[in-house]
Amino acid sequence: AAGLLKRALGSSNQQQVRCMSSATPKRKVAVLGAAGGIGQPLGLLMKLNPLVTDLSLYDIAATPGVASDLSHINTGAHVEGFAGDADLGKALKGCDLVIIPAGVPRKPGMTRDDLFNINAGIVRALATAIAEHCPEALVNMISNPVNSTVPIAAEVFKQKGTYDPKRLFGVTTLDVVRARTFLAHKKGISVKGVDVPVVGGHAGVTILPLFSQASPKIELSDEEIEYLTKRTQDGGTEVVQAKAGKGSATLSMAYAGALFAESCLKGLNGAQDIVECSYVASTVVPGLPYFSSKVRLGPNGVEEVMGLGNISDYEQKGLEALKSELMSSIQKGVDFINVKA
Ligand code: NAD
Ligand code: LMR
């Protein structure tokens with residue numbers, strides 16, 4: 001994954017590129033919300049990804065400019081921009097993967113749930129169009145509140161008769177990216193090769209990093225675990241405050257979104273042992289129909305939702321503490337589609 005940019009810029013691993021060129025299938029990827037703070041750098045990273053053959057950039061406005069700009073980059077992906085409702089079907093037709101960073105971001109003092117009133121309707125409209133125009137596509141949901149927007153999309157797909165739980169993902173990769181970074185910084189080690197599973201959901205205490213399962217195995221004091229857990233849970237808020245009213249994480253999210261999308265594409269293309277944490281339909285924790293944990297990716301999307309493994313007492317307490325908030329966010333999403341006002 002770290003080779004994403006290097007490979008795309010053509011400086012490395014010609015052998016790998018040569019192997020892929022004959023065997024790699026065509027893959028069309030759409031970014032919905034492509035003119036936004038996440039959408040633009042994410043579009044750039046997808047344009048640099050050799051697994052992408054067609055890149056479809058959709059937003060309510062401004063996408064022709066973004067698409068024209070990206071299309072001049074001398075990488076393989078063919079780029080097209082689409083703006084406005086009338087173009088949404090064309091943007092989605094034939095897509096293998098749809099990435100959704102559409103919607104409003106937080107300002108200081110807001111929770112992710114405060115975005116529900118605006119973003120739920122946006123996600124409902126986009127999910128409806130996906131069901132109509134590319135029902136087989138994998139969907140990577142970035143729009144917040146992820147704990148609710150994934151159930152919203154699932155309920156839309158159920159109503160449309162296209163729901164396949166293997167193909168719908170809440171993107172929680174930024175939590176993993178943060179946990180890796182914060183752990184490496186705290187211990188003064190290189191971040192290269194550091195990994196930390198993050199489970200639960202994507203808001204406050206529902207974000208549960210499992211530092212007891214970090215690799216390489218790293219000894220941490222109780223204070224260090226407390227600090228790292230809280231910093232990972234509050235990572236989004238840290239950026240919202242630093243941006244002081246100008247939005248939330250965009251660049252690190254684009255990086256995380258591109259990592260996760262690349263793993264989905266590798267899985268679709270038949271690569272083995274592609275494992276990422278993601279918020280998916282799950283039976284890992286009884287009573288929580290959606291939950292983020294390690295997921296094995298493959299040609300059908302989710303091939304296996306993996307269990308939690310051994311977790312520490314501290315993490316067990318964190319798991320108990322997240323259940324009620326996560327369940328009510330899930331229910332809020334389900335009710336948005338099913339309960340008539
Ligand atoms: P932004 O305001 O910069 O961009 C959002 C884009 O969505 C805009 O270009 C807007 O025109 C577009 N949009 C609005 N309605 C649309 C519609 N109906 N169809 C298509 N596009 C539409 O916001 P941003 O900083 O890019 O954040 C986008 C979302 O991602 C927010 O909800 C934010 O909270 C979320 N986010 C999630 C994570 C995560 O880890 N999952 C991380 C960061 C941000
Ligand atoms: C993040 O974790 O950075 C995103 O969910 C955006 C936010 O509102 O914090």
# chains A, B, ... in the order shown; residues from 1 in each chain; ligands from 1
>>> residues_around(residues="Ile274 in chain A", least_positions_apart="5", cutoff="9 Å", atoms="only C-alpha atoms", output="list in words")
Ser263, Cys264, Lys266, Gly267, Val295, Arg296, Leu297 and Gly298 of chain A
>>> closest_atom_pairs(of="range 61-115 of chain A", to="range 231-239 of chain A", cutoff="10 Å", atoms="only C-alpha atoms", output="CSV")
residue,atom,partner,partner_atom,distance
A:Arg106,CA,A:Thr237,CA,8.7
A:Lys107,CA,A:Thr237,CA,9.1
A:Pro108,CA,A:Thr237,CA,7.6
A:Gly109,CA,A:Thr237,CA,8.7
A:Met110,CA,A:Thr237,CA,8.9
A:Thr111,CA,A:Thr237,CA,8.6
A:Arg112,CA,A:Gly236,CA,9.5
>>> residues_around(residues="Val285 in chain A", least_positions_apart="6", cutoff="10 Å", atoms="only C-alpha atoms", output="list in words")
Gly200, Phe291, Ser292, Gly307, Leu308, Leu319 and Lys323 of chain A
>>> write_last_selection(atoms="N, CA and C atoms", output="compact mmCIF listing (two decimals), in the first residue's frame")
# COMPACT_ATOMS: atom_id res chain seq x y z
N GLY A 200 -15.17 -1.58 15.79
CA GLY A 200 -16.32 -0.85 16.33
C GLY A 200 -17.02 -0.05 15.26
N PHE A 291 -20.64 -3.55 12.20
CA PHE A 291 -19.50 -3.45 13.12
C PHE A 291 -18.24 -3.46 12.25
N SER A 292 -17.26 -2.70 12.68
CA SER A 292 -15.99 -2.72 11.96
C SER A 292 -15.04 -3.73 12.60
N GLY A 307 -13.28 -12.36 13.29
CA GLY A 307 -13.64 -12.08 14.68
C GLY A 307 -12.63 -11.15 15.35
N LEU A 308 -12.86 -10.88 16.62
CA LEU A 308 -12.01 -9.90 17.32
C LEU A 308 -10.71 -10.50 17.83
N LEU A 319 -15.29 -2.03 24.44
CA LEU A 319 -16.31 -2.68 23.61
C LEU A 319 -17.69 -2.55 24.26
N LYS A 323 -21.32 -0.07 22.76
CA LYS A 323 -22.47 -0.78 22.18
C LYS A 323 -23.72 0.07 22.04
>>> select_by_dssp(residues="range 144-341 of chain A", states="helix (DSSP H, G or I)", output="CSV table (one decimal) with N, CA and C atoms, in the first residue's frame")
chain,number,residue,atom,x,y,z
A,146,VAL,N,-20.8,7.8,9.4
A,146,VAL,CA,-20.6,6.5,8.8
A,146,VAL,C,-21.4,5.4,9.6
A,147,ASN,N,-21.5,5.5,10.9
A,147,ASN,CA,-22.2,4.5,11.7
A,147,ASN,C,-23.7,4.5,11.3
A,148,SER,N,-24.2,5.6,10.7
A,148,SER,CA,-25.6,5.6,10.2
A,148,SER,C,-25.7,5.5,8.7
A,149,THR,N,-24.7,6.1,8.0
A,149,THR,CA,-24.9,6.2,6.5
A,149,THR,C,-24.8,4.8,5.9
A,150,VAL,N,-24.0,3.9,6.5
A,150,VAL,CA,-23.9,2.5,5.9
A,150,VAL,C,-25.3,1.8,6.1
A,151,PRO,N,-25.9,1.8,7.3
A,151,PRO,CA,-27.3,1.3,7.4
A,151,PRO,C,-28.3,2.0,6.4
A,152,ILE,N,-28.1,3.3,6.2
A,152,ILE,CA,-29.1,4.0,5.3
A,152,ILE,C,-28.9,3.4,3.9
A,153,ALA,N,-27.7,3.2,3.4
A,153,ALA,CA,-27.5,2.7,2.1
A,153,ALA,C,-28.0,1.2,2.0
A,154,ALA,N,-27.7,0.5,3.1
A,154,ALA,CA,-28.2,-0.9,3.1
A,154,ALA,C,-29.7,-1.0,2.9
A,155,GLU,N,-30.4,-0.1,3.7
A,155,GLU,CA,-31.9,-0.1,3.6
A,155,GLU,C,-32.4,0.3,2.3
A,156,VAL,N,-31.7,1.2,1.6
A,156,VAL,CA,-32.1,1.6,0.3
A,156,VAL,C,-32.0,0.4,-0.7
A,157,PHE,N,-30.8,-0.2,-0.6
A,157,PHE,CA,-30.5,-1.4,-1.4
A,157,PHE,C,-31.5,-2.5,-1.2
A,158,LYS,N,-31.9,-2.7,0.1
A,158,LYS,CA,-32.9,-3.7,0.4
A,158,LYS,C,-34.2,-3.4,-0.3
A,159,GLN,N,-34.6,-2.1,-0.2
A,159,GLN,CA,-35.9,-1.7,-0.8
A,159,GLN,C,-35.9,-1.9,-2.3
A,160,LYS,N,-34.7,-1.7,-2.9
A,160,LYS,CA,-34.5,-1.8,-4.3
A,160,LYS,C,-34.3,-3.2,-4.8
A,165,PRO,N,-24.7,-7.7,1.3
A,165,PRO,CA,-23.9,-7.2,2.4
A,165,PRO,C,-22.4,-7.3,2.1
A,166,LYS,N,-22.0,-8.2,1.2
A,166,LYS,CA,-20.6,-8.3,0.8
A,166,LYS,C,-20.1,-7.1,0.1
A,167,ARG,N,-21.0,-6.3,-0.4
A,167,ARG,CA,-20.5,-5.2,-1.3
A,167,ARG,C,-20.6,-3.8,-0.7
A,173,THR,N,-10.7,3.3,7.5
A,173,THR,CA,-9.2,3.2,7.3
A,173,THR,C,-8.4,4.3,8.0
A,174,LEU,N,-9.1,5.5,8.0
A,174,LEU,CA,-8.4,6.7,8.6
A,174,LEU,C,-8.1,6.4,10.1
A,175,ASP,N,-9.0,5.7,10.7
A,175,ASP,CA,-8.7,5.4,12.2
A,175,ASP,C,-7.5,4.5,12.3
A,176,VAL,N,-7.4,3.5,11.4
A,176,VAL,CA,-6.2,2.6,11.4
A,176,VAL,C,-4.9,3.4,11.0
A,177,VAL,N,-5.0,4.3,10.0
A,177,VAL,CA,-3.9,5.1,9.7
A,177,VAL,C,-3.4,6.0,10.8
A,178,ARG,N,-4.4,6.5,11.6
A,178,ARG,CA,-4.0,7.4,12.7
A,178,ARG,C,-3.4,6.5,13.8
A,179,ALA,N,-4.0,5.4,14.1
A,179,ALA,CA,-3.5,4.5,15.2
A,179,ALA,C,-2.1,4.1,14.9
A,180,ARG,N,-1.8,3.8,13.7
A,180,ARG,CA,-0.4,3.4,13.3
A,180,ARG,C,0.6,4.6,13.5
A,181,THR,N,0.1,5.7,13.1
A,181,THR,CA,1.0,6.9,13.2
A,181,THR,C,1.2,7.3,14.6
A,182,PHE,N,0.2,7.4,15.4
A,182,PHE,CA,0.3,7.8,16.8
A,182,PHE,C,1.1,6.8,17.6
A,183,LEU,N,1.0,5.5,17.4
A,183,LEU,CA,1.7,4.5,18.1
A,183,LEU,C,3.2,4.6,17.7
A,184,ALA,N,3.5,4.8,16.5
A,184,ALA,CA,4.9,4.9,16.1
A,184,ALA,C,5.6,6.1,16.7
A,185,HIS,N,4.8,7.3,16.6
A,185,HIS,CA,5.4,8.5,17.2
A,185,HIS,C,5.6,8.4,18.7
A,186,LYS,N,4.6,7.8,19.4
A,186,LYS,CA,4.7,7.7,20.8
A,186,LYS,C,5.9,6.8,21.3
A,187,LYS,N,6.2,5.8,20.5
A,187,LYS,CA,7.3,4.9,20.9
A,187,LYS,C,8.6,5.2,20.2
A,204,GLY,N,-16.2,8.9,17.9
A,204,GLY,CA,-15.9,9.0,19.3
A,204,GLY,C,-15.6,7.6,19.9
A,205,VAL,N,-16.3,7.3,21.0
A,205,VAL,CA,-16.0,6.0,21.7
A,205,VAL,C,-16.3,4.8,20.9
A,206,THR,N,-17.0,4.9,19.8
A,206,THR,CA,-17.3,3.7,19.0
A,206,THR,C,-16.0,3.3,18.3
A,211,PHE,N,-4.7,-1.9,20.5
A,211,PHE,CA,-3.3,-1.8,20.6
A,211,PHE,C,-2.7,-3.1,21.2
A,212,SER,N,-3.5,-3.9,21.8
A,212,SER,CA,-2.9,-5.2,22.3
A,212,SER,C,-2.6,-6.1,21.1
A,213,GLN,N,-3.2,-5.8,19.9
A,213,GLN,CA,-2.9,-6.7,18.8
A,213,GLN,C,-2.0,-5.9,17.7
A,222,ASP,N,-0.2,1.3,30.9
A,222,ASP,CA,-1.6,1.6,30.9
A,222,ASP,C,-1.8,3.1,30.5
A,223,GLU,N,-0.9,4.0,30.9
A,223,GLU,CA,-1.1,5.4,30.5
A,223,GLU,C,-0.9,5.6,29.0
A,224,GLU,N,0.1,4.8,28.5
A,224,GLU,CA,0.3,5.0,27.0
A,224,GLU,C,-1.0,4.4,26.2
A,225,ILE,N,-1.5,3.3,26.7
A,225,ILE,CA,-2.7,2.8,26.0
A,225,ILE,C,-3.9,3.8,26.1
A,226,GLU,N,-4.0,4.3,27.3
A,226,GLU,CA,-5.1,5.3,27.5
A,226,GLU,C,-4.9,6.5,26.5
A,227,TYR,N,-3.7,7.0,26.5
A,227,TYR,CA,-3.4,8.2,25.7
A,227,TYR,C,-3.6,7.9,24.2
A,228,LEU,N,-3.1,6.7,23.7
A,228,LEU,CA,-3.2,6.4,22.3
A,228,LEU,C,-4.7,6.1,21.9
A,229,THR,N,-5.4,5.4,22.8
A,229,THR,CA,-6.8,5.1,22.5
A,229,THR,C,-7.6,6.4,22.3
A,230,LYS,N,-7.5,7.3,23.3
A,230,LYS,CA,-8.2,8.6,23.3
A,230,LYS,C,-7.8,9.4,22.0
A,231,ARG,N,-6.5,9.4,21.8
A,231,ARG,CA,-6.0,10.3,20.6
A,231,ARG,C,-6.6,9.7,19.3
A,232,THR,N,-6.7,8.4,19.2
A,232,THR,CA,-7.2,7.8,18.0
A,232,THR,C,-8.7,8.1,17.9
A,233,GLN,N,-9.4,8.0,19.0
A,233,GLN,CA,-10.9,8.3,19.1
A,233,GLN,C,-11.2,9.7,18.7
A,235,GLY,N,-9.1,11.8,16.9
A,235,GLY,CA,-8.3,12.2,15.8
A,235,GLY,C,-9.0,13.1,14.9
A,236,GLY,N,-10.3,12.8,14.6
A,236,GLY,CA,-11.1,13.6,13.7
A,236,GLY,C,-11.3,15.0,14.3
A,237,THR,N,-11.6,15.0,15.6
A,237,THR,CA,-11.9,16.3,16.2
A,237,THR,C,-10.7,17.1,16.3
A,238,GLU,N,-9.5,16.5,16.5
A,238,GLU,CA,-8.2,17.2,16.5
A,238,GLU,C,-8.1,18.0,15.2
A,239,VAL,N,-8.4,17.4,14.0
A,239,VAL,CA,-8.3,18.1,12.7
A,239,VAL,C,-9.3,19.1,12.6
A,240,VAL,N,-10.6,18.8,13.0
A,240,VAL,CA,-11.7,19.8,12.9
A,240,VAL,C,-11.3,21.1,13.7
A,241,GLN,N,-10.7,20.9,14.9
A,241,GLN,CA,-10.4,22.1,15.6
A,241,GLN,C,-9.2,22.9,15.0
A,242,ALA,N,-8.2,22.1,14.5
A,242,ALA,CA,-7.1,22.8,13.9
A,242,ALA,C,-7.5,23.5,12.6
A,243,LYS,N,-8.5,23.0,11.9
A,243,LYS,CA,-9.0,23.7,10.7
A,243,LYS,C,-9.9,24.8,11.0
A,251,LEU,N,-7.0,15.5,3.4
A,251,LEU,CA,-5.8,14.9,2.8
A,251,LEU,C,-5.5,13.5,3.3
A,252,SER,N,-5.5,13.4,4.7
A,252,SER,CA,-5.3,12.1,5.3
A,252,SER,C,-6.5,11.1,4.9
A,253,MET,N,-7.7,11.7,4.8
A,253,MET,CA,-8.8,10.8,4.4
A,253,MET,C,-8.7,10.4,3.0
A,254,ALA,N,-8.2,11.3,2.1
A,254,ALA,CA,-8.0,10.8,0.7
A,254,ALA,C,-7.0,9.7,0.7
A,255,TYR,N,-5.9,9.9,1.4
A,255,TYR,CA,-4.9,8.8,1.5
A,255,TYR,C,-5.5,7.5,2.0
A,256,ALA,N,-6.3,7.6,3.1
A,256,ALA,CA,-6.9,6.4,3.7
A,256,ALA,C,-7.9,5.8,2.7
A,257,GLY,N,-8.7,6.6,2.1
A,257,GLY,CA,-9.7,6.2,1.1
A,257,GLY,C,-9.1,5.5,-0.1
A,258,ALA,N,-7.9,6.0,-0.5
A,258,ALA,CA,-7.2,5.4,-1.7
A,258,ALA,C,-6.7,4.1,-1.3
A,259,LEU,N,-6.1,4.0,-0.1
A,259,LEU,CA,-5.6,2.7,0.4
A,259,LEU,C,-6.7,1.6,0.4
A,260,PHE,N,-7.9,2.0,1.0
A,260,PHE,CA,-9.0,1.0,1.1
A,260,PHE,C,-9.5,0.7,-0.3
A,261,ALA,N,-9.7,1.7,-1.1
A,261,ALA,CA,-10.2,1.4,-2.5
A,261,ALA,C,-9.2,0.5,-3.2
A,262,GLU,N,-7.9,0.7,-3.1
A,262,GLU,CA,-7.0,-0.2,-3.7
A,262,GLU,C,-7.1,-1.6,-3.3
A,263,SER,N,-7.3,-1.8,-2.0
A,263,SER,CA,-7.5,-3.1,-1.4
A,263,SER,C,-8.7,-3.8,-2.0
A,264,CYS,N,-9.8,-3.0,-2.1
A,264,CYS,CA,-11.0,-3.5,-2.7
A,264,CYS,C,-10.8,-4.0,-4.2
A,265,LEU,N,-10.0,-3.2,-4.9
A,265,LEU,CA,-9.7,-3.5,-6.3
A,265,LEU,C,-8.9,-4.7,-6.4
A,266,LYS,N,-7.9,-4.8,-5.5
A,266,LYS,CA,-7.0,-6.0,-5.5
A,266,LYS,C,-7.8,-7.2,-5.3
A,267,GLY,N,-8.7,-7.1,-4.3
A,267,GLY,CA,-9.6,-8.3,-4.0
A,267,GLY,C,-10.5,-8.7,-5.2
A,268,LEU,N,-11.1,-7.6,-5.8
A,268,LEU,CA,-11.9,-7.9,-7.0
A,268,LEU,C,-11.1,-8.6,-8.1
A,313,ASP,N,-8.5,-6.6,28.8
A,313,ASP,CA,-9.6,-6.1,29.6
A,313,ASP,C,-10.0,-4.7,29.3
A,314,TYR,N,-9.0,-3.9,29.1
A,314,TYR,CA,-9.2,-2.4,28.7
A,314,TYR,C,-10.1,-2.4,27.5
A,315,GLU,N,-9.7,-3.2,26.5
A,315,GLU,CA,-10.4,-3.1,25.2
A,315,GLU,C,-11.8,-3.7,25.4
A,316,GLN,N,-12.0,-4.7,26.2
A,316,GLN,CA,-13.3,-5.3,26.5
A,316,GLN,C,-14.2,-4.3,27.1
A,317,LYS,N,-13.7,-3.5,28.0
A,317,LYS,CA,-14.5,-2.4,28.6
A,317,LYS,C,-14.9,-1.4,27.5
A,318,GLY,N,-13.9,-1.1,26.6
A,318,GLY,CA,-14.2,-0.2,25.5
A,318,GLY,C,-15.3,-0.7,24.6
A,319,LEU,N,-15.3,-2.0,24.4
A,319,LEU,CA,-16.3,-2.7,23.6
A,319,LEU,C,-17.7,-2.6,24.3
A,320,GLU,N,-17.7,-2.8,25.6
A,320,GLU,CA,-19.0,-2.7,26.3
A,320,GLU,C,-19.5,-1.2,26.2
A,321,ALA,N,-18.6,-0.3,26.3
A,321,ALA,CA,-19.0,1.1,26.4
A,321,ALA,C,-19.5,1.7,25.0
A,322,LEU,N,-19.1,1.0,23.9
A,322,LEU,CA,-19.5,1.6,22.6
A,322,LEU,C,-20.9,1.0,22.1
A,323,LYS,N,-21.3,-0.1,22.8
A,323,LYS,CA,-22.5,-0.8,22.2
A,323,LYS,C,-23.7,0.1,22.0
A,324,SER,N,-24.1,0.8,23.1
A,324,SER,CA,-25.4,1.5,23.0
A,324,SER,C,-25.3,2.6,22.0
A,325,GLU,N,-24.2,3.4,22.0
A,325,GLU,CA,-24.1,4.5,21.0
A,325,GLU,C,-24.1,3.9,19.6
A,326,LEU,N,-23.4,2.9,19.3
A,326,LEU,CA,-23.3,2.3,18.0
A,326,LEU,C,-24.7,1.8,17.6
A,327,MET,N,-25.4,1.1,18.5
A,327,MET,CA,-26.7,0.6,18.1
A,327,MET,C,-27.7,1.7,17.8
A,328,SER,N,-27.7,2.8,18.6
A,328,SER,CA,-28.6,3.8,18.3
A,328,SER,C,-28.3,4.5,17.0
A,329,SER,N,-27.0,4.7,16.6
A,329,SER,CA,-26.7,5.3,15.3
A,329,SER,C,-27.2,4.4,14.2
A,330,ILE,N,-27.0,3.1,14.4
A,330,ILE,CA,-27.5,2.1,13.4
A,330,ILE,C,-29.0,2.2,13.2
A,331,GLN,N,-29.7,2.2,14.3
A,331,GLN,CA,-31.2,2.3,14.3
A,331,GLN,C,-31.7,3.6,13.7
A,332,LYS,N,-30.9,4.7,14.0
A,332,LYS,CA,-31.3,6.0,13.4
A,332,LYS,C,-31.2,5.9,11.8
A,333,GLY,N,-30.2,5.2,11.3
A,333,GLY,CA,-30.1,5.1,9.9
A,333,GLY,C,-31.2,4.2,9.3
A,334,VAL,N,-31.4,3.1,10.0
A,334,VAL,CA,-32.5,2.2,9.5
A,334,VAL,C,-33.8,2.9,9.5
A,335,ASP,N,-34.1,3.6,10.6
A,335,ASP,CA,-35.4,4.3,10.7
A,335,ASP,C,-35.6,5.4,9.6
A,336,PHE,N,-34.5,6.0,9.3
A,336,PHE,CA,-34.5,7.1,8.3
A,336,PHE,C,-35.2,6.6,7.0
A,337,ILE,N,-34.9,5.4,6.7
A,337,ILE,CA,-35.4,4.9,5.4
A,337,ILE,C,-36.8,4.2,5.6
A,338,ASN,N,-37.0,3.6,6.8
A,338,ASN,CA,-38.2,2.8,7.0
A,338,ASN,C,-39.4,3.4,7.7
>>> residues_around(residues="Pro25 in chain A", least_positions_apart="6", cutoff="9 Å", atoms="only C-alpha atoms", output="PDB file with N, CA and C atoms, in the first residue's frame")
ATOM      1  N   LEU A  51      -4.454   0.245 -11.138  1.00  0.00           N
ATOM      2  CA  LEU A  51      -5.581  -0.708 -11.198  1.00  0.00           C
ATOM      3  C   LEU A  51      -6.849  -0.057 -11.746  1.00  0.00           C
ATOM      4  N   THR A  53      -8.862   1.790 -14.578  1.00  0.00           N
ATOM      5  CA  THR A  53      -8.796   2.073 -16.017  1.00  0.00           C
ATOM      6  C   THR A  53      -9.721   3.230 -16.396  1.00  0.00           C
ATOM      7  N   ASN A 269      -9.795  -8.250  -8.197  1.00  0.00           N
ATOM      8  CA  ASN A 269      -8.922  -8.807  -9.242  1.00  0.00           C
ATOM      9  C   ASN A 269      -8.327 -10.160  -8.846  1.00  0.00           C
TER      10      ASN A 269
END
>>> select_by_dssp(residues="range 117-210 of chain A", states="strand (DSSP E)", output="ChimeraX atom specification")
/A:138-141,168-170,198-200,207-209
>>> write_last_selection(atoms="N, CA and C atoms", output="PDB file, in the first residue's frame")
ATOM      1  N   LEU A 138     -19.052  -2.486  -5.782  1.00  0.00           N
ATOM      2  CA  LEU A 138     -18.701  -2.339  -4.369  1.00  0.00           C
ATOM      3  C   LEU A 138     -18.887  -0.868  -4.011  1.00  0.00           C
ATOM      4  N   VAL A 139     -19.364  -0.602  -2.797  1.00  0.00           N
ATOM      5  CA  VAL A 139     -19.575   0.777  -2.351  1.00  0.00           C
ATOM      6  C   VAL A 139     -18.711   1.055  -1.130  1.00  0.00           C
ATOM      7  N   ASN A 140     -17.891   2.094  -1.219  1.00  0.00           N
ATOM      8  CA  ASN A 140     -17.035   2.536  -0.088  1.00  0.00           C
ATOM      9  C   ASN A 140     -17.642   3.819   0.463  1.00  0.00           C
ATOM     10  N   MET A 141     -18.277   3.727   1.633  1.00  0.00           N
ATOM     11  CA  MET A 141     -18.969   4.893   2.209  1.00  0.00           C
ATOM     12  C   MET A 141     -18.028   5.679   3.122  1.00  0.00           C
ATOM     13  N   LEU A 168     -20.998  -3.710   0.561  1.00  0.00           N
ATOM     14  CA  LEU A 168     -21.164  -2.381   1.178  1.00  0.00           C
ATOM     15  C   LEU A 168     -20.189  -2.219   2.351  1.00  0.00           C
ATOM     16  N   PHE A 169     -19.369  -1.174   2.288  1.00  0.00           N
ATOM     17  CA  PHE A 169     -18.292  -0.963   3.267  1.00  0.00           C
ATOM     18  C   PHE A 169     -18.332   0.455   3.829  1.00  0.00           C
ATOM     19  N   GLY A 170     -18.277   0.580   5.144  1.00  0.00           N
ATOM     20  CA  GLY A 170     -17.983   1.880   5.748  1.00  0.00           C
ATOM     21  C   GLY A 170     -16.470   2.001   5.850  1.00  0.00           C
ATOM     22  N   VAL A 198      -8.413  -1.516  14.148  1.00  0.00           N
ATOM     23  CA  VAL A 198      -9.364  -0.633  14.840  1.00  0.00           C
ATOM     24  C   VAL A 198     -10.754  -1.169  14.544  1.00  0.00           C
ATOM     25  N   VAL A 199     -11.519  -1.422  15.602  1.00  0.00           N
ATOM     26  CA  VAL A 199     -12.822  -2.074  15.449  1.00  0.00           C
ATOM     27  C   VAL A 199     -13.925  -1.155  15.963  1.00  0.00           C
ATOM     28  N   GLY A 200     -15.171  -1.585  15.793  1.00  0.00           N
ATOM     29  CA  GLY A 200     -16.321  -0.848  16.326  1.00  0.00           C
ATOM     30  C   GLY A 200     -17.020  -0.050  15.265  1.00  0.00           C
ATOM     31  N   ILE A 207     -15.047   4.195  18.175  1.00  0.00           N
ATOM     32  CA  ILE A 207     -13.765   3.857  17.534  1.00  0.00           C
ATOM     33  C   ILE A 207     -12.911   3.133  18.583  1.00  0.00           C
ATOM     34  N   LEU A 208     -12.634   1.862  18.363  1.00  0.00           N
ATOM     35  CA  LEU A 208     -11.901   1.092  19.381  1.00  0.00           C
ATOM     36  C   LEU A 208     -10.613   0.485  18.796  1.00  0.00           C
ATOM     37  N   PRO A 209      -9.495   1.190  18.978  1.00  0.00           N
ATOM     38  CA  PRO A 209      -8.229   0.631  18.498  1.00  0.00           C
ATOM     39  C   PRO A 209      -7.767  -0.509  19.404  1.00  0.00           C
TER      40      PRO A 209
END
>>> residues_near_ligand(ligand="ligand 1", cutoff="8 Å", atoms="only C-alpha atoms and all ligand atoms", output="ChimeraX atom specification")
/A:32-39,58-62,84-85,100-106,112,115,119,122-123,125-126,141-146,170-175,202,236,247-250,253,256
>>> write_last_selection(atoms="C-alpha atoms", output="mmCIF file, in the first residue's frame")
data_model
loop_
_atom_site.group_PDB
_atom_site.id
_atom_site.type_symbol
_atom_site.label_atom_id
_atom_site.label_comp_id
_atom_site.auth_asym_id
_atom_site.auth_seq_id
_atom_site.Cartn_x
_atom_site.Cartn_y
_atom_site.Cartn_z
ATOM 1 C CA LEU A 32 -19.261 10.861 -5.736
ATOM 2 C CA GLY A 33 -18.499 14.236 -4.182
ATOM 3 C CA ALA A 34 -15.426 14.491 -6.406
ATOM 4 C CA ALA A 35 -15.102 18.282 -6.304
ATOM 5 C CA GLY A 36 -14.886 18.366 -2.498
ATOM 6 C CA GLY A 37 -12.096 18.537 0.026
ATOM 7 C CA ILE A 38 -11.690 14.749 0.053
ATOM 8 C CA GLY A 39 -12.965 14.159 -3.465
ATOM 9 C CA TYR A 58 -19.363 13.140 -10.001
ATOM 10 C CA ASP A 59 -20.482 16.129 -7.942
ATOM 11 C CA ILE A 60 -23.399 18.528 -7.996
ATOM 12 C CA ALA A 61 -21.095 21.100 -9.686
ATOM 13 C CA ALA A 62 -17.463 21.840 -10.632
ATOM 14 C CA GLY A 84 -25.715 17.383 -11.519
ATOM 15 C CA ASP A 85 -28.519 14.873 -11.083
ATOM 16 C CA ILE A 100 -18.750 8.249 -1.615
ATOM 17 C CA PRO A 101 -17.212 11.290 0.095
ATOM 18 C CA ALA A 102 -20.297 13.476 -0.667
ATOM 19 C CA GLY A 103 -21.847 15.625 2.018
ATOM 20 C CA VAL A 104 -21.074 18.260 4.594
ATOM 21 C CA PRO A 105 -18.123 18.037 7.013
ATOM 22 C CA ARG A 106 -18.057 19.019 10.703
ATOM 23 C CA ARG A 112 -20.547 13.496 13.362
ATOM 24 C CA LEU A 115 -24.301 15.920 10.075
ATOM 25 C CA ASN A 119 -25.972 13.826 4.787
ATOM 26 C CA ILE A 122 -27.589 12.872 0.175
ATOM 27 C CA VAL A 123 -26.606 9.258 0.848
ATOM 28 C CA ALA A 125 -30.237 9.740 -3.164
ATOM 29 C CA LEU A 126 -26.806 8.405 -4.164
ATOM 30 C CA MET A 141 -18.969 4.893 2.209
ATOM 31 C CA ILE A 142 -16.948 7.816 3.552
ATOM 32 C CA SER A 143 -19.793 10.308 4.216
ATOM 33 C CA ASN A 144 -20.500 10.863 7.906
ATOM 34 C CA PRO A 145 -21.955 9.752 10.189
ATOM 35 C CA VAL A 146 -20.603 6.454 8.807
ATOM 36 C CA GLY A 170 -17.983 1.880 5.748
ATOM 37 C CA VAL A 171 -14.489 3.313 5.350
ATOM 38 C CA THR A 172 -12.735 3.338 8.733
ATOM 39 C CA THR A 173 -9.213 3.160 7.328
ATOM 40 C CA LEU A 174 -8.378 6.659 8.593
ATOM 41 C CA ASP A 175 -8.727 5.363 12.160
ATOM 42 C CA HIS A 202 -16.392 5.572 13.269
ATOM 43 C CA GLY A 236 -11.085 13.610 13.651
ATOM 44 C CA GLY A 247 -13.842 21.513 7.473
ATOM 45 C CA SER A 248 -12.408 18.207 8.639
ATOM 46 C CA ALA A 249 -9.710 15.778 7.524
ATOM 47 C CA THR A 250 -9.421 15.758 3.741
ATOM 48 C CA MET A 253 -8.808 10.840 4.416
ATOM 49 C CA ALA A 256 -6.880 6.366 3.665
#
>>> atom_distance(atom1="CA of Pro41 in chain A", atom2="CA of Leu70 in chain A")
10.1 Å
>>> closest_residue(among="A:Ser312, A:Ser215, A:Tyr279, A:Asp113", to="ligand 2", atoms="only C-alpha atoms and all ligand atoms")
A:Asp113
>>> residues_around(residues="Met306 in chain A", least_positions_apart="3", cutoff="10 Å", atoms="only C-alpha atoms", output="list in words")
Val275, Cys277, Ser282, Thr283, Val284, Ser292, Ser293, Lys294, Val295, Arg296, Glu303 and Gly309 of chain A
>>> atom_distance(atom1="CA of His72 in chain A", atom2="CA of Leu42 in chain A")
16.1 Å
